[in-house]
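Undergrad: To be precise about what I am sending: the file is called query25.csv and holds CSV, C-alpha atoms and all ligand atoms.
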chain,number,residue,atom,x,y,z
F,263,MET,CA,84.8,76.5,82.6
F,264,HIS,CA,84.4,80.1,83.6
F,265,ILE,CA,83.3,80.7,87.2
F,266,ALA,CA,82.1,84.1,88.6
F,267,ILE,CA,82.7,84.8,92.3
F,268,ILE,CA,80.8,87.5,94.1
F,269,GLY,CA,82.8,89.0,96.9
F,270,ALA,CA,86.6,89.6,97.3
F,271,GLY,CA,86.8,88.8,101.1
F,272,MET,CA,88.8,85.9,102.5
F,273,ALA,CA,86.2,83.4,101.4
F,274,GLY,CA,85.9,84.6,97.8
F,275,LEU,CA,89.6,85.1,97.3
F,276,THR,CA,90.4,81.7,98.8
F,277,ALA,CA,88.0,80.0,96.4
F,278,ALA,CA,89.3,82.1,93.5
F,279,ARG,CA,92.9,81.2,94.1
F,280,ALA,CA,92.1,77.4,94.4
F,281,LEU,CA,90.0,77.4,91.2
F,282,ASP,CA,92.6,79.6,89.3
F,283,GLU,CA,95.4,77.2,90.4
F,284,ALA,CA,93.4,74.3,89.1
F,285,GLY,CA,93.2,75.9,85.7
F,286,LEU,CA,89.6,77.3,85.7
F,287,GLN,CA,88.9,80.7,84.5
F,288,VAL,CA,87.7,82.9,87.3
F,289,THR,CA,86.2,86.4,87.6
F,290,VAL,CA,85.7,88.0,91.0
F,291,PHE,CA,83.2,90.9,91.4
F,292,GLU,CA,83.7,93.2,94.3
F,293,LYS,CA,81.4,96.1,95.1
F,294,GLY,CA,84.0,98.0,97.1
F,295,ARG,CA,87.1,99.9,96.0
F,296,GLY,CA,89.4,97.7,98.1
F,297,LEU,CA,90.0,94.0,98.4
F,298,GLY,CA,89.7,91.8,101.5
F,299,GLY,CA,86.1,92.6,102.6
F,300,ARG,CA,86.0,92.9,106.4
F,301,LEU,CA,89.8,92.6,106.5
F,302,SER,CA,89.9,96.3,106.2
F,303,THR,CA,92.1,99.3,106.9
F,304,ARG,CA,91.1,102.9,106.7
F,305,ARG,CA,93.7,105.6,105.8
F,306,GLY,CA,93.4,109.3,106.3
F,307,GLU,CA,95.1,112.4,107.6
F,308,THR,CA,95.5,110.8,111.0
F,309,GLY,CA,97.1,107.7,109.7
F,310,GLN,CA,95.7,104.2,109.4
F,311,PHE,CA,93.2,102.1,111.4
F,312,ASP,CA,92.3,98.4,111.1
F,313,HIS,CA,88.6,99.1,111.6
F,314,GLY,CA,87.4,95.6,110.6
F,315,ALA,CA,89.0,92.3,111.8
F,316,ALA,CA,91.8,93.3,114.2
F,317,PHE,CA,93.7,90.1,113.9
F,318,PHE,CA,93.1,86.4,113.2
F,319,THR,CA,93.9,83.2,115.0
F,320,VAL,CA,95.0,80.0,113.3
F,321,ARG,CA,93.7,76.6,114.6
F,322,HIS,CA,92.7,74.3,111.7
F,323,PRO,CA,95.6,72.3,110.2
F,324,ALA,CA,94.9,73.6,106.7
F,325,PHE,CA,94.8,77.2,107.9
F,326,ILE,CA,98.0,76.7,110.0
F,327,THR,CA,99.8,75.6,106.8
F,328,GLU,CA,98.4,78.4,104.8
F,329,ALA,CA,99.2,81.1,107.4
F,330,ALA,CA,102.8,79.7,107.7
F,331,ALA,CA,103.2,80.2,103.9
F,332,TRP,CA,101.8,83.7,104.0
F,333,ARG,CA,104.2,84.5,106.9
F,334,GLU,CA,107.1,83.1,104.9
F,335,GLU,CA,106.2,85.5,102.0
F,336,GLY,CA,106.0,88.4,104.4
F,337,ALA,CA,102.3,89.0,104.1
F,338,VAL,CA,101.4,88.4,107.7
F,339,GLU,CA,103.3,88.5,111.0
F,340,VAL,CA,102.5,87.4,114.6
F,341,TRP,CA,101.3,90.2,116.8
F,342,PRO,CA,103.2,90.0,120.1
F,343,GLY,CA,100.9,92.5,121.8
F,344,LYS,CA,99.8,92.2,125.4
F,345,LEU,CA,96.1,91.3,125.4
F,346,VAL,CA,93.9,91.2,128.4
F,347,HIS,CA,90.3,90.6,129.4
F,348,LEU,CA,88.6,93.4,131.3
F,349,THR,CA,85.8,91.8,133.4
F,350,GLN,CA,83.6,92.9,136.3
F,351,GLN,CA,86.2,91.2,138.5
F,352,GLY,CA,89.2,93.1,137.0
F,353,VAL,CA,92.0,92.4,134.5
F,354,GLU,CA,93.0,88.9,133.3
F,355,ASP,CA,95.6,87.9,130.7
F,356,ALA,CA,94.0,86.8,127.5
F,357,TYR,CA,94.4,83.2,126.1
F,358,PRO,CA,97.9,82.8,124.7
F,359,ASP,CA,97.2,81.8,121.0
F,360,ASP,CA,99.4,83.3,118.3
F,361,ARG,CA,97.5,86.2,116.7
F,362,TYR,CA,98.3,87.1,113.1
F,363,VAL,CA,98.0,90.5,111.4
F,364,SER,CA,98.8,91.4,107.8
F,365,VAL,CA,101.3,94.1,107.2
F,366,PRO,CA,101.2,97.1,106.9
F,367,GLY,CA,97.4,96.9,107.5
F,368,MET,CA,94.8,94.2,107.5
F,369,SER,CA,93.6,95.1,104.0
F,370,ALA,CA,97.1,94.2,102.7
F,371,LEU,CA,96.2,90.5,103.0
F,372,GLY,CA,93.3,91.0,100.5
F,373,ARG,CA,95.6,92.6,98.0
F,374,PHE,CA,98.2,89.8,98.5
F,375,LEU,CA,95.6,87.0,98.0
F,376,ALA,CA,94.2,88.7,94.9
F,377,GLU,CA,97.6,89.0,93.1
F,378,GLY,CA,97.2,87.5,89.6
F,379,LEU,CA,93.5,87.1,89.8
F,380,ASN,CA,90.9,88.8,87.6
F,381,CYS,CA,89.1,91.0,90.2
F,382,GLN,CA,86.6,93.6,89.0
F,383,ARG,CA,86.5,96.1,91.8
F,384,GLY,CA,83.7,98.7,92.1
F,385,HIS,CA,81.2,96.3,90.5
F,386,ARG,CA,78.2,95.5,92.6
F,387,VAL,CA,76.2,92.4,91.5
F,388,GLN,CA,72.6,93.5,91.6
F,389,GLN,CA,70.9,90.4,90.3
F,390,ILE,CA,71.7,86.8,89.3
F,391,GLU,CA,69.7,84.6,87.0
F,392,PRO,CA,70.1,80.9,85.9
F,393,THR,CA,69.7,80.7,82.1
F,394,GLY,CA,69.7,77.1,81.0
F,395,SER,CA,73.3,75.8,81.7
F,396,ASN,CA,74.6,79.3,82.5
F,397,TRP,CA,74.4,82.0,85.1
F,398,ARG,CA,73.8,85.6,84.1
F,399,VAL,CA,75.2,88.3,86.4
F,400,PHE,CA,73.7,91.8,86.3
F,401,LEU,CA,76.0,94.6,87.4
F,402,ASP,CA,75.2,98.0,88.7
F,403,ASP,CA,76.5,99.7,85.6
F,404,GLY,CA,73.7,98.1,83.7
F,405,SER,CA,75.9,95.4,82.0
F,406,THR,CA,75.4,91.7,82.2
F,407,GLN,CA,77.9,88.8,81.9
F,408,SER,CA,77.4,85.0,81.6
F,409,PHE,CA,79.3,82.3,83.4
F,410,ASP,CA,79.3,78.5,83.6
F,411,GLY,CA,79.2,78.5,87.4
F,412,LEU,CA,78.6,81.0,90.2
F,413,ILE,CA,79.9,81.3,93.8
F,414,LEU,CA,78.4,83.8,96.3
F,415,ALA,CA,81.0,84.7,99.0
F,416,ILE,CA,79.2,87.5,100.7
F,417,PRO,CA,77.5,88.0,104.2
F,418,ALA,CA,74.5,85.8,104.7
F,419,PRO,CA,71.7,88.5,104.5
F,420,GLN,CA,73.3,89.8,101.3
F,421,ALA,CA,73.3,86.3,99.8
F,422,VAL,CA,69.7,85.9,100.8
F,423,ALA,CA,68.8,89.1,99.0
F,424,LEU,CA,70.5,87.9,95.7
F,425,LEU,CA,69.1,84.3,96.0
F,426,SER,CA,65.5,85.3,96.9
F,427,GLY,CA,63.1,84.1,94.1
F,428,VAL,CA,66.1,82.4,92.4
F,429,HIS,CA,67.0,79.4,94.7
F,430,HIS,CA,65.8,77.7,97.8
F,431,PHE,CA,69.2,78.3,99.5
F,432,ALA,CA,67.7,81.8,100.3
F,433,ALA,CA,65.2,80.3,102.8
F,434,ASP,CA,67.8,77.8,104.2
F,435,ILE,CA,70.2,80.6,105.0
F,436,GLU,CA,67.5,83.0,106.3
F,437,GLN,CA,66.2,80.4,108.7
F,438,ASN,CA,69.5,79.2,110.0
F,439,VAL,CA,72.0,82.0,110.0
F,440,HIS,CA,72.1,85.2,112.1
F,441,MET,CA,74.7,87.9,111.8
F,442,THR,CA,75.0,91.0,114.0
F,443,ALA,CA,76.3,94.5,113.4
F,444,CYS,CA,79.3,96.4,114.9
F,445,TRP,CA,80.1,100.0,115.3
F,446,SER,CA,83.9,100.7,115.1
F,447,LEU,CA,85.4,103.8,116.7
F,448,LEU,CA,88.6,105.2,115.2
F,449,ALA,CA,90.3,107.3,117.7
F,450,GLN,CA,93.5,108.9,119.0
F,451,SER,CA,94.7,108.8,122.6
F,452,GLU,CA,97.9,109.4,124.5
F,453,ALA,CA,96.7,107.1,127.3
F,454,LYS,CA,99.1,104.4,128.3
F,455,PRO,CA,97.1,101.5,129.8
F,456,ALA,CA,98.9,98.4,130.9
F,457,PHE,CA,97.8,96.5,127.8
F,458,ASP,CA,98.0,96.8,124.0
F,459,ALA,CA,94.5,95.5,123.4
F,460,ALA,CA,91.6,94.3,125.5
F,461,PHE,CA,88.5,92.1,125.2
F,462,ILE,CA,85.9,93.9,127.3
F,463,ASP,CA,83.4,91.8,129.2
F,464,ASN,CA,81.8,94.2,131.6
F,465,ASP,CA,78.9,96.6,131.2
F,466,SER,CA,80.7,98.8,128.6
F,467,PRO,CA,79.1,99.2,125.2
F,468,LEU,CA,82.6,98.2,123.9
F,469,ALA,CA,83.7,94.7,123.3
F,470,TRP,CA,87.3,95.4,122.2
F,471,VAL,CA,90.0,98.1,122.0
F,472,ALA,CA,93.4,97.9,120.4
F,473,HIS,CA,96.4,100.2,120.2
F,474,GLU,CA,97.3,100.1,116.5
F,475,VAL,CA,101.0,100.8,116.9
F,476,SER,CA,101.5,97.6,119.0
F,477,LYS,CA,101.0,95.6,115.8
F,478,PRO,CA,104.0,94.9,113.5
F,479,GLY,CA,104.5,97.5,110.7
F,480,ARG,CA,102.3,100.2,112.2
F,481,HIS,CA,103.7,103.7,113.0
F,482,ASP,CA,100.8,105.9,114.1
F,483,SER,CA,101.5,105.9,117.8
F,484,LEU,CA,98.2,107.7,118.8
F,485,ASN,CA,95.8,105.5,116.9
F,486,TRP,CA,93.3,103.2,118.5
F,487,VAL,CA,90.3,101.2,117.3
F,488,ALA,CA,87.4,100.2,119.5
F,489,HIS,CA,84.6,97.8,118.5
F,490,SER,CA,81.1,97.9,120.1
F,491,ARG,CA,79.3,94.8,121.3
F,492,GLY,CA,77.1,93.2,118.7
F,493,ASP,CA,73.9,93.5,120.8
F,494,TRP,CA,74.7,97.2,121.4
F,495,ALA,CA,75.2,97.8,117.7
F,496,GLU,CA,71.9,96.1,116.9
F,497,GLN,CA,70.1,98.3,119.4
F,498,HIS,CA,71.7,101.5,118.1
F,499,LEU,CA,71.9,100.6,114.4
F,500,HIS,CA,70.1,103.7,113.2
F,501,HIS,CA,71.2,106.2,115.8
F,502,ALA,CA,72.9,109.4,114.5
F,503,THR,CA,76.6,108.8,114.0
F,504,ASP,CA,77.5,111.9,116.2
F,505,TRP,CA,75.7,110.3,119.1
F,506,VAL,CA,77.3,106.9,118.5
F,507,GLN,CA,80.7,108.5,118.3
F,508,ALA,CA,80.3,110.5,121.5
F,509,THR,CA,79.0,107.5,123.4
F,510,LEU,CA,81.7,105.1,122.3
F,511,THR,CA,84.4,107.8,122.9
F,512,ALA,CA,83.2,108.2,126.5
F,513,ALA,CA,83.2,104.4,126.9
F,514,MET,CA,86.7,104.2,125.5
F,515,GLN,CA,87.9,106.9,127.9
F,516,GLN,CA,86.8,104.6,130.8
F,517,VAL,CA,88.6,101.6,129.3
F,518,VAL,CA,92.0,103.3,128.6
F,519,GLN,CA,91.6,105.7,131.5
F,520,GLY,CA,92.7,108.8,129.7
F,521,PRO,CA,91.5,111.3,127.2
F,522,VAL,CA,90.3,110.1,123.8
F,523,GLU,CA,89.7,112.1,120.6
F,524,ALA,CA,87.4,110.5,118.1
F,525,VAL,CA,88.4,110.5,114.4
F,526,ALA,CA,85.4,108.6,112.9
F,527,VAL,CA,82.9,105.8,113.4
F,528,HIS,CA,82.2,103.1,110.9
F,529,ARG,CA,79.0,100.9,110.9
F,530,TRP,CA,79.4,97.3,109.9
F,531,ARG,CA,75.9,96.1,109.1
F,532,TYR,CA,76.9,92.5,109.0
F,533,ALA,CA,80.0,92.1,111.1
F,534,ARG,CA,80.0,88.9,113.1
F,535,THR,CA,78.1,85.6,112.9
F,536,ALA,CA,75.9,85.0,115.9
F,537,ARG,CA,74.5,81.7,114.6
F,538,ALA,CA,76.4,79.8,111.9
F,539,LEU,CA,75.0,77.5,109.2
F,540,GLY,CA,77.0,74.5,110.5
F,541,GLN,CA,78.3,73.3,107.2
F,542,ALA,CA,81.4,74.5,105.3
F,543,CYS,CA,79.5,75.6,102.1
F,544,LEU,CA,76.3,75.1,100.1
F,545,PHE,CA,76.5,73.7,96.6
F,546,ASP,CA,73.9,72.9,93.9
F,547,ARG,CA,75.6,70.5,91.5
F,548,ALA,CA,73.0,70.7,88.8
F,549,LEU,CA,73.1,74.5,88.6
F,550,ARG,CA,76.8,74.9,89.5
F,551,LEU,CA,75.9,77.3,92.3
F,552,GLY,CA,78.1,77.5,95.4
F,553,ILE,CA,77.7,79.6,98.6
F,554,ALA,CA,80.5,80.4,101.0
F,555,GLY,CA,81.4,82.8,103.8
F,556,ASP,CA,82.6,82.9,107.4
F,557,TRP,CA,79.0,82.5,108.5
F,558,CYS,CA,78.8,78.9,107.1
F,559,LEU,CA,81.1,77.8,109.9
F,560,GLY,CA,81.5,80.6,112.4
F,561,ASP,CA,82.6,84.2,112.9
F,562,ARG,CA,86.3,84.3,112.2
F,563,VAL,CA,88.7,84.9,109.3
F,564,GLU,CA,89.7,81.2,109.6
F,565,HIS,CA,86.1,80.2,109.0
F,566,ALA,CA,85.9,82.3,105.8
F,567,PHE,CA,89.1,80.6,104.6
F,568,LEU,CA,87.8,77.1,105.3
F,569,SER,CA,84.5,77.9,103.7
F,570,GLY,CA,86.2,79.3,100.6
F,571,GLN,CA,88.4,76.3,100.3
F,572,ALA,CA,85.5,73.9,100.7
F,573,VAL,CA,83.4,75.5,98.0
F,574,ALA,CA,86.3,75.4,95.6
F,575,GLN,CA,86.9,71.7,96.3
F,576,THR,CA,83.3,71.0,95.7
F,577,VAL,CA,83.3,72.8,92.4
F,578,LEU,CA,86.4,70.9,91.3
F,579,THR,CA,85.2,67.5,92.3
F,580,SER,CA,81.9,68.1,90.5
F,581,ALA,CA,83.5,69.5,87.3
M,1,LIG,C1,84.5,94.9,113.4
M,1,LIG,C2,85.0,93.5,113.1
M,1,LIG,C3,85.9,92.8,113.9
M,1,LIG,C4,86.3,91.5,113.6
M,1,LIG,N1,87.2,90.9,114.4
M,1,LIG,C5,87.7,89.7,114.0
M,1,LIG,C6,88.8,89.1,114.7
M,1,LIG,O1,89.4,89.7,115.6
M,1,LIG,N2,89.3,87.9,114.3
M,1,LIG,C7,88.7,87.2,113.3
M,1,LIG,O2,89.1,86.1,112.9
M,1,LIG,N3,87.6,87.7,112.6
M,1,LIG,C8,87.2,89.0,112.9
M,1,LIG,N4,86.1,89.5,112.2
M,1,LIG,C9,85.4,88.7,111.2
M,1,LIG,C10,86.2,88.6,109.9
M,1,LIG,O3,86.5,89.9,109.4
M,1,LIG,C11,85.3,87.8,108.9
M,1,LIG,O4,85.1,86.5,109.5
M,1,LIG,C12,85.9,87.6,107.5
M,1,LIG,O5,86.7,88.7,107.1
M,1,LIG,C13,84.8,87.3,106.6
M,1,LIG,O6,85.3,87.1,105.3
M,1,LIG,P1,84.2,86.7,104.1
M,1,LIG,O7,85.0,86.6,102.9
M,1,LIG,O8,83.3,85.6,104.5
M,1,LIG,O9,83.3,88.0,104.0
M,1,LIG,P2,83.6,89.5,103.7
M,1,LIG,O10,85.0,89.9,104.3
M,1,LIG,O11,82.4,90.3,104.2
M,1,LIG,O12,83.7,89.7,102.1
M,1,LIG,C14,82.5,89.8,101.3
M,1,LIG,C15,82.8,90.8,100.2
M,1,LIG,O13,81.7,90.7,99.3
M,1,LIG,C16,81.5,92.0,98.9
M,1,LIG,N5,80.1,92.1,98.4
M,1,LIG,C17,79.0,91.9,99.1
M,1,LIG,N6,77.9,92.0,98.3
M,1,LIG,C18,78.3,92.2,97.0
M,1,LIG,C19,77.7,92.3,95.8
M,1,LIG,N7,76.4,92.2,95.6
M,1,LIG,N8,78.5,92.5,94.7
M,1,LIG,C20,79.8,92.5,94.8
M,1,LIG,N9,80.5,92.4,96.0
M,1,LIG,C21,79.7,92.2,97.1
M,1,LIG,C22,81.8,92.9,100.1
M,1,LIG,O14,82.0,94.3,99.7
M,1,LIG,C23,83.0,92.2,100.7
M,1,LIG,O15,84.2,92.7,100.2
M,1,LIG,C24,85.7,90.8,112.5
M,1,LIG,C25,84.8,91.5,111.7
M,1,LIG,C26,84.4,92.8,111.9
M,1,LIG,C27,83.5,93.5,111.0
Represent the supplied structure as structure tokens.
TA:
Amino acid sequence: MHIAIIGAGMAGLTAARALDEAGLQVTVFEKGRGLGGRLSTRRGETGQFDHGAAFFTVRHPAFITEAAAWREEGAVEVWPGKLVHLTQQGVEDAYPDDRYVSVPGMSALGRFLAEGLNCQRGHRVQQIEPTGSNWRVFLDDGSTQSFDGLILAIPAPQAVALLSGVHHFAADIEQNVHMTACWSLLAQSEAKPAFDAAFIDNDSPLAWVAHEVSKPGRHDSLNWVAHSRGDWAEQHLHHATDWVQATLTAAMQQVVQGPVEAVAVHRWRYARTARALGQACLFDRALRLGIAGDWCLGDRVEHAFLSGQAVAQTVLTSA
């Protein structure tokens, strides 16, 4: 059986690895140049920035086991940074969970998970079509390929776009799932606040700042990443990037209490899940169509892993 997976983020790669290990033939299509999806690192003249997920926590037993194996293989490490909450009342220490990062950047985990898999990067799937007992996948270079089964592992609104007019899952997802945007600010600062990273819960447009060098394996001592609040990003989704960059830079100066020089801003159209589906995956046994993604269960890397694992198990038990 040959399965196509759309999306090489944590969910898609987790599903691909499980199916590949079970002996199925798997092809992963990824529209981006990199692997890992929102586990993402931008590199440039000013060094590197984890401008998507900053870290991940590990709570479910299956994910604890998996993260321990990745750690043993050197793909991830625990980030010992000092994290705080900045609230209207002042500064509080953040909850003490272990926080994992991949090394040397968050995108390294995608590359690690994809080792040995057939991943076709730079291939956007534009359309999908059930054809009798197969699925036909239409790529943006005009070519088509056929598969025995199909898994979508992409953000909910993008899954809705592909499924519209094809399957009733489109309506189920559209009615029940809501994802919000995020603006990431990549910046440099010599400020030395009394924290390595902060969750911000006051009237700032920012929700998070992190000093990159405090994470294992990073060396760019001036580099910081800040994330906007989701509601702020939704309100300012189509504002000029210059204005967004200037506004978030000013907000970050307040947070770190020192001068900040912006390097770039990045808009994540679908960053975090505000309302999850509430089940680990969707699967149509007759059509061999599976749907996965963090948004099935929540808004974290762990949720994407559990969803990818669930959809693979469902495919295997129905094969
Ligand atoms: C700014 C930000 C901060 C975050 N912070 C944290 C955090 O601190 N901790 C945490 O646990 N989580 C965090 N997250 C969430 C975390 O990144 C996600 O939960 C997780 O990475 C989602 O994985 P996924 O596989 O479900 O989706 P994605 O990572 O989005 O992967 C989907 C992939 O599908 C590809 N794709 C989409 N459409 C197509 C198509 N038509 N054809 C081909 N490819 C396609 C995309 O390019 C992408 O690579 C954060 C996310 C963002 C954006």
Undergrad: Using Å and a single decimal, report how far atom CA of Ser569 of chain F sits from atom CA of Phe409 of chain F.
TA: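 Going from atom CA of Phe409 of chain F over to atom CA of Ser569 of chain F, I get 21.4 Å.
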Undergrad: What would the list of residues within 8 Å of (92.9, 101.0, 114.5) (file frame) look like as a count of residues only, if only C-alpha atoms are what count?
TA: 15
Undergrad: Restricting the calculation to all atoms listed in the file: of F:Pro521, F:Gly555, F:Pro478, F:Gly343, which residue gets closest to ligand LIG 1 (chain M)?
TA: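 Smallest distance to ligand LIG 1 (chain M) is found for F:Gly555.
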Undergrad: What residues have an atom no more than 9 Å from (76.1, 100.0, 119.8) in the file's own frame, counting only C-alpha atoms, and can you write them as a PyMOL selection string?
TA: chain F and resi 443-445+467-468+489-499+501+506+509-510
Undergrad: Using only C-alpha atoms and all ligand atoms for the distances, tell me which of F:Leu275, F:Leu375, F:Ala574, F:Ala280 is nearest to ligand LIG 1 (chain M).
TA: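 So, comparing all the options, the nearest one is F:Leu275.
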Undergrad: For each of F:Gly306, F:Gly367, F:Gly314, F:Gly479, take the minimum atom-to-atom distance to ligand LIG 1 (chain M), counting only C-alpha atoms and all ligand atoms, then give the residue where this is smallest.
TA: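 Answer, going by the shortest atom-to-atom distance: F:Gly314.
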Undergrad: Give the answer as one residue: which of F:Val518, F:Ala456, F:Ala315, F:Leu551 has the shortest atom-to-atom distance to ligand LIG 1 (chain M), using all atoms listed in the file?
TA: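 Closest candidate: F:Ala315.
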Undergrad: Hey, which of F:Thr319, F:Gln575, F:Gln519, F:Asn396 ends up closest to ligand LIG 1 (chain M)? Count only C-alpha atoms and all ligand atoms.
TA: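 With only C-alpha atoms and all ligand atoms as the atom set, the closest residue is F:Thr319.
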Undergrad: Atom CA of Val399 of chain F to atom N8 of ligand LIG 1 (chain M): how many Å, to one decimal?
TA: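 Distance between the two atoms: 9.9 Å.
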Undergrad: Which residues are close to Ala572 of chain F, i.e. within 12 Å by all atoms listed in the file, leaving aside same-chain residues fewer than 4 positions away? Reply as a PyMOL selection string.
TA: chain F and resi 273-274+276-278+280-281+324+413+415+541-545+552-556+558-559+565-568+576-579
Undergrad: Keeping only C-alpha atoms, write those residues as a CSV table (one decimal), in the frame of the given file.
TA:
chain,number,residue,atom,x,y,z
F,273,ALA,CA,86.2,83.4,101.4
F,274,GLY,CA,85.9,84.6,97.8
F,276,THR,CA,90.4,81.7,98.8
F,277,ALA,CA,88.0,80.0,96.4
F,278,ALA,CA,89.3,82.1,93.5
F,280,ALA,CA,92.1,77.4,94.4
F,281,LEU,CA,90.0,77.4,91.2
F,324,ALA,CA,94.9,73.6,106.7
F,413,ILE,CA,79.9,81.3,93.8
F,415,ALA,CA,81.0,84.7,99.0
F,541,GLN,CA,78.3,73.3,107.2
F,542,ALA,CA,81.4,74.5,105.3
F,543,CYS,CA,79.5,75.6,102.1
F,544,LEU,CA,76.3,75.1,100.1
F,545,PHE,CA,76.5,73.7,96.6
F,552,GLY,CA,78.1,77.5,95.4
F,553,ILE,CA,77.7,79.6,98.6
F,554,ALA,CA,80.5,80.4,101.0
F,555,GLY,CA,81.4,82.8,103.8
F,556,ASP,CA,82.6,82.9,107.4
F,558,CYS,CA,78.8,78.9,107.1
F,559,LEU,CA,81.1,77.8,109.9
F,565,HIS,CA,86.1,80.2,109.0
F,566,ALA,CA,85.9,82.3,105.8
F,567,PHE,CA,89.1,80.6,104.6
F,568,LEU,CA,87.8,77.1,105.3
F,576,THR,CA,83.3,71.0,95.7
F,577,VAL,CA,83.3,72.8,92.4
F,578,LEU,CA,86.4,70.9,91.3
F,579,THR,CA,85.2,67.5,92.3
Undergrad: From the structure just shown, export segment 385-391 of chain F with all heavy atoms as a PDB file, in the first residue's frame.
TA:
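The result, stored in decode-v3.pdb:
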ATOM      1  N   HIS F 385       6.972  21.015  -2.992  1.00  0.00           N
ATOM      2  CA  HIS F 385       5.834  20.510  -3.776  1.00  0.00           C
ATOM      3  C   HIS F 385       4.535  20.818  -3.030  1.00  0.00           C
ATOM      4  O   HIS F 385       4.205  20.133  -2.060  1.00  0.00           O
ATOM      5  CB  HIS F 385       5.947  19.000  -3.988  1.00  0.00           C
ATOM      6  CG  HIS F 385       6.924  18.623  -5.045  1.00  0.00           C
ATOM      7  ND1 HIS F 385       8.263  18.440  -4.788  1.00  0.00           N
ATOM      8  CD2 HIS F 385       6.767  18.420  -6.371  1.00  0.00           C
ATOM      9  CE1 HIS F 385       8.883  18.125  -5.917  1.00  0.00           C
ATOM     10  NE2 HIS F 385       7.994  18.107  -6.888  1.00  0.00           N
ATOM     11  N   ARG F 386       3.832  21.823  -3.493  1.00  0.00           N
ATOM     12  CA  ARG F 386       2.534  22.154  -2.886  1.00  0.00           C
ATOM     13  C   ARG F 386       1.450  21.291  -3.534  1.00  0.00           C
ATOM     14  O   ARG F 386       1.369  21.208  -4.767  1.00  0.00           O
ATOM     15  CB  ARG F 386       2.202  23.628  -3.127  1.00  0.00           C
ATOM     16  CG  ARG F 386       0.842  24.045  -2.591  1.00  0.00           C
ATOM     17  CD  ARG F 386       0.460  25.395  -3.143  1.00  0.00           C
ATOM     18  NE  ARG F 386       1.279  26.444  -2.603  1.00  0.00           N
ATOM     19  CZ  ARG F 386       0.982  27.124  -1.492  1.00  0.00           C
ATOM     20  NH1 ARG F 386      -0.131  26.877  -0.856  1.00  0.00           N
ATOM     21  NH2 ARG F 386       1.775  28.064  -1.054  1.00  0.00           N
ATOM     22  N   VAL F 387       0.642  20.642  -2.701  1.00  0.00           N
ATOM     23  CA  VAL F 387      -0.507  19.904  -3.237  1.00  0.00           C
ATOM     24  C   VAL F 387      -1.637  20.903  -3.434  1.00  0.00           C
ATOM     25  O   VAL F 387      -2.055  21.573  -2.493  1.00  0.00           O
ATOM     26  CB  VAL F 387      -0.932  18.766  -2.285  1.00  0.00           C
ATOM     27  CG1 VAL F 387      -2.202  18.108  -2.789  1.00  0.00           C
ATOM     28  CG2 VAL F 387       0.195  17.745  -2.152  1.00  0.00           C
ATOM     29  N   GLN F 388      -2.099  21.020  -4.673  1.00  0.00           N
ATOM     30  CA  GLN F 388      -3.116  22.031  -4.979  1.00  0.00           C
ATOM     31  C   GLN F 388      -4.525  21.487  -4.945  1.00  0.00           C
ATOM     32  O   GLN F 388      -5.479  22.213  -4.724  1.00  0.00           O
ATOM     33  CB  GLN F 388      -2.837  22.635  -6.347  1.00  0.00           C
ATOM     34  CG  GLN F 388      -1.702  23.634  -6.266  1.00  0.00           C
ATOM     35  CD  GLN F 388      -1.517  24.404  -7.540  1.00  0.00           C
ATOM     36  OE1 GLN F 388      -1.621  23.823  -8.616  1.00  0.00           O
ATOM     37  NE2 GLN F 388      -1.247  25.680  -7.437  1.00  0.00           N
ATOM     38  N   GLN F 389      -4.636  20.191  -5.198  1.00  0.00           N
ATOM     39  CA  GLN F 389      -5.971  19.589  -5.286  1.00  0.00           C
ATOM     40  C   GLN F 389      -5.853  18.103  -4.997  1.00  0.00           C
ATOM     41  O   GLN F 389      -4.809  17.498  -5.292  1.00  0.00           O
ATOM     42  CB  GLN F 389      -6.484  19.803  -6.715  1.00  0.00           C
ATOM     43  CG  GLN F 389      -7.954  19.553  -6.919  1.00  0.00           C
ATOM     44  CD  GLN F 389      -8.295  19.563  -8.415  1.00  0.00           C
ATOM     45  OE1 GLN F 389      -7.636  20.228  -9.208  1.00  0.00           O
ATOM     46  NE2 GLN F 389      -9.300  18.811  -8.791  1.00  0.00           N
ATOM     47  N   ILE F 390      -6.923  17.539  -4.421  1.00  0.00           N
ATOM     48  CA  ILE F 390      -6.954  16.085  -4.199  1.00  0.00           C
ATOM     49  C   ILE F 390      -8.277  15.558  -4.749  1.00  0.00           C
ATOM     50  O   ILE F 390      -9.285  16.270  -4.729  1.00  0.00           O
ATOM     51  CB  ILE F 390      -6.821  15.734  -2.696  1.00  0.00           C
ATOM     52  CG1 ILE F 390      -7.886  16.458  -1.867  1.00  0.00           C
ATOM     53  CG2 ILE F 390      -5.418  16.037  -2.190  1.00  0.00           C
ATOM     54  CD1 ILE F 390      -7.921  16.059  -0.403  1.00  0.00           C
ATOM     55  N   GLU F 391      -8.244  14.311  -5.227  1.00  0.00           N
ATOM     56  CA  GLU F 391      -9.463  13.791  -5.850  1.00  0.00           C
ATOM     57  C   GLU F 391      -9.535  12.284  -5.615  1.00  0.00           C
ATOM     58  O   GLU F 391      -8.580  11.563  -5.949  1.00  0.00           O
ATOM     59  CB  GLU F 391      -9.385  14.080  -7.356  1.00  0.00           C
ATOM     60  CG  GLU F 391     -10.621  13.729  -8.138  1.00  0.00           C
ATOM     61  CD  GLU F 391     -10.386  14.036  -9.618  1.00  0.00           C
ATOM     62  OE1 GLU F 391      -9.791  13.181 -10.311  1.00  0.00           O
ATOM     63  OE2 GLU F 391     -10.770  15.115 -10.082  1.00  0.00           O
TER      64      GLU F 391
END
